[in-house]
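Participant: After the structure tokens below, expect a handful of questions from me.
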Amino acid sequence: MTTIASAPTPRPVVPFWFLQAARAVPAGILAQYLLAGLALFQDGLFWAWHGGLGLALFLPIAAMALAAWLGRPARALRWWAGLLVVLYVLQVVLIVSGQNFGSGLLQALHPFNGGLMLVASLVLVAKVERNRARTAR
């Protein structure tokens, strides 16, 4: 008896907007570090830009998380997208609670958590790019 070997089904590719959102998050986080440095060493007005960009980063992070939970192509990225959401929420909690309680420790953890967010976002970009490279063959 002979069996017919079927070609493996191609992996789903994440949408173009997902790729762009994944690329925007690490760039935004690096810009956050730049704005914080400018606020510390040049002009305190940059804190407003820092906060505004931090709020704007919620859009690509939330979009990726929703796509990872609701869409089939990004399903493999659920863990990393979820981690990024948790770290983002923790980022906001650290700075707001640190300011409200006057805790320098909580505020000092804010940039450390930003570093963790940067690492998680870079891993997410690497996974998306690797998936695109595999499906392009």
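Quick note on naming: the chains in the structure tokens go A, B, ... in the order shown, residues restart at 1 in each chain, and ligands are numbered from 1 in order of appearance.
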Check the DSSP output for the backbone and give back, as a VMD selection string, the residues of range 3-118 of chain A in helix (DSSP H, G or I).
Facilitator: chain A and resid 16 to 41 46 to 56 58 to 70 75 to 101 104 to 118
Participant: Near range 111-126 of chain A, within 8 Å and counting only C-alpha atoms, which residues show up once chain neighbours fewer than 5 positions away are dropped, as JSON, numbers by chain?
Facilitator: {"A": [19, 22, 23, 25, 26, 29, 30, 77, 80, 81, 83, 84, 87, 88, 90, 91]}
Participant: Let's have the selection written as a PDB file, in the first residue's frame, with C-alpha atoms.
Facilitator:
```pdb
ATOM      1  CA  LEU A  19       5.308  43.211  12.347  1.00  0.00           C
ATOM      2  CA  ALA A  22       6.570  44.623  17.075  1.00  0.00           C
ATOM      3  CA  ARG A  23       9.304  46.775  15.547  1.00  0.00           C
ATOM      4  CA  VAL A  25       7.935  48.857  20.639  1.00  0.00           C
ATOM      5  CA  PRO A  26      11.731  48.488  21.096  1.00  0.00           C
ATOM      6  CA  ILE A  29      11.430  52.056  24.574  1.00  0.00           C
ATOM      7  CA  LEU A  30      14.841  53.271  23.417  1.00  0.00           C
ATOM      8  CA  LEU A  77       3.529  34.646  20.325  1.00  0.00           C
ATOM      9  CA  TRP A  80       5.785  37.005  24.859  1.00  0.00           C
ATOM     10  CA  ALA A  81       2.950  39.376  24.015  1.00  0.00           C
ATOM     11  CA  LEU A  83       4.643  39.173  29.190  1.00  0.00           C
ATOM     12  CA  LEU A  84       5.007  42.514  27.466  1.00  0.00           C
ATOM     13  CA  LEU A  87       5.584  44.414  32.171  1.00  0.00           C
ATOM     14  CA  TYR A  88       3.864  47.494  30.716  1.00  0.00           C
ATOM     15  CA  LEU A  90       3.941  46.962  36.058  1.00  0.00           C
ATOM     16  CA  GLN A  91       5.817  49.918  34.539  1.00  0.00           C
TER      17      GLN A  91
END
```
Participant: Find the residues near Trp47 in chain A: any atom within 12 Å, counting only C-alpha atoms, skip ones fewer than 3 places away on the same chain, and give them as a list of chain:residue names.
Facilitator: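 These residues fall inside the cut-off: A:Gln32, A:Tyr33, A:Leu34, A:Leu35, A:Ala36, A:Gly37, A:Leu38, A:Ala39, A:Leu40, A:Phe41, A:Gln42, A:Asp43, A:Gly44, A:His50, A:Gly51, A:Gly52, A:Leu53, A:Gly54.
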Participant: Give me a file of those residues, with N, CA and C atoms, as an mmCIF file, in the first residue's frame.
Facilitator:
```cif
data_model
loop_
_atom_site.group_PDB
_atom_site.id
_atom_site.type_symbol
_atom_site.label_atom_id
_atom_site.label_comp_id
_atom_site.auth_asym_id
_atom_site.auth_seq_id
_atom_site.Cartn_x
_atom_site.Cartn_y
_atom_site.Cartn_z
ATOM 1 N N GLN A 32 12.266 56.268 24.899
ATOM 2 C CA GLN A 32 11.918 56.590 26.284
ATOM 3 C C GLN A 32 13.185 56.862 27.108
ATOM 4 N N TYR A 33 14.196 56.008 26.933
ATOM 5 C CA TYR A 33 15.451 56.215 27.652
ATOM 6 C C TYR A 33 16.102 57.531 27.233
ATOM 7 N N LEU A 34 16.053 57.837 25.948
ATOM 8 C CA LEU A 34 16.623 59.091 25.466
ATOM 9 C C LEU A 34 15.888 60.292 26.061
ATOM 10 N N LEU A 35 14.557 60.237 26.061
ATOM 11 C CA LEU A 35 13.778 61.343 26.611
ATOM 12 C C LEU A 35 14.009 61.509 28.112
ATOM 13 N N ALA A 36 14.147 60.407 28.835
ATOM 14 C CA ALA A 36 14.422 60.506 30.273
ATOM 15 C C ALA A 36 15.792 61.140 30.508
ATOM 16 N N GLY A 37 16.771 60.758 29.692
ATOM 17 C CA GLY A 37 18.094 61.369 29.810
ATOM 18 C C GLY A 37 18.068 62.849 29.493
ATOM 19 N N LEU A 38 17.330 63.219 28.455
ATOM 20 C CA LEU A 38 17.208 64.641 28.118
ATOM 21 C C LEU A 38 16.502 65.405 29.232
ATOM 22 N N ALA A 39 15.504 64.783 29.850
ATOM 23 C CA ALA A 39 14.796 65.446 30.945
ATOM 24 C C ALA A 39 15.700 65.639 32.150
ATOM 25 N N LEU A 40 16.553 64.682 32.414
ATOM 26 C CA LEU A 40 17.457 64.786 33.562
ATOM 27 C C LEU A 40 18.586 65.782 33.324
ATOM 28 N N PHE A 41 19.143 65.767 32.119
ATOM 29 C CA PHE A 41 20.380 66.498 31.896
ATOM 30 C C PHE A 41 20.241 67.762 31.051
ATOM 31 N N GLN A 42 19.079 67.960 30.422
ATOM 32 C CA GLN A 42 18.949 69.161 29.599
ATOM 33 C C GLN A 42 17.778 70.031 30.032
ATOM 34 N N ASP A 43 16.554 69.488 29.947
ATOM 35 C CA ASP A 43 15.387 70.311 30.231
ATOM 36 C C ASP A 43 14.285 69.416 30.783
ATOM 37 N N GLY A 44 13.727 69.794 31.903
ATOM 38 C CA GLY A 44 12.679 69.011 32.547
ATOM 39 C C GLY A 44 11.400 68.896 31.748
ATOM 40 N N HIS A 50 8.244 62.159 27.613
ATOM 41 C CA HIS A 50 8.503 60.806 28.116
ATOM 42 C C HIS A 50 7.194 60.130 28.523
ATOM 43 N N GLY A 51 6.380 60.844 29.260
ATOM 44 C CA GLY A 51 5.097 60.287 29.690
ATOM 45 C C GLY A 51 4.145 60.052 28.531
ATOM 46 N N GLY A 52 4.115 61.004 27.595
ATOM 47 C CA GLY A 52 3.239 60.860 26.436
ATOM 48 C C GLY A 52 3.611 59.678 25.563
ATOM 49 N N LEU A 53 4.902 59.507 25.330
ATOM 50 C CA LEU A 53 5.343 58.358 24.535
ATOM 51 C C LEU A 53 5.080 57.062 25.278
ATOM 52 N N GLY A 54 5.242 57.087 26.596
ATOM 53 C CA GLY A 54 4.938 55.885 27.388
ATOM 54 C C GLY A 54 3.483 55.471 27.250
#
```
Participant: Quick one: residues within 12 Å of Ala76 in chain A, only C-alpha atoms, excluding same-chain residues fewer than 2 positions away - as number ranges by chain?
Facilitator: A: 11-14, 64-65, 67-74, 78-82, 124, 127-128, 131
Participant: Between CA of Glu129 in chain A and CA of Val89 in chain A, what is the spacing in Å?
Facilitator: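 These two atoms are separated by 25.6 Å.
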Participant: Of the residues A:Gln99, A:Ala21, A:Arg130, A:Val92, which is the one nearest to Leu59 in chain A, using only C-alpha atoms?
Facilitator: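 Comparing A:Gln99, A:Ala21, A:Arg130, A:Val92 against Leu59 in chain A, the winner is A:Ala21.
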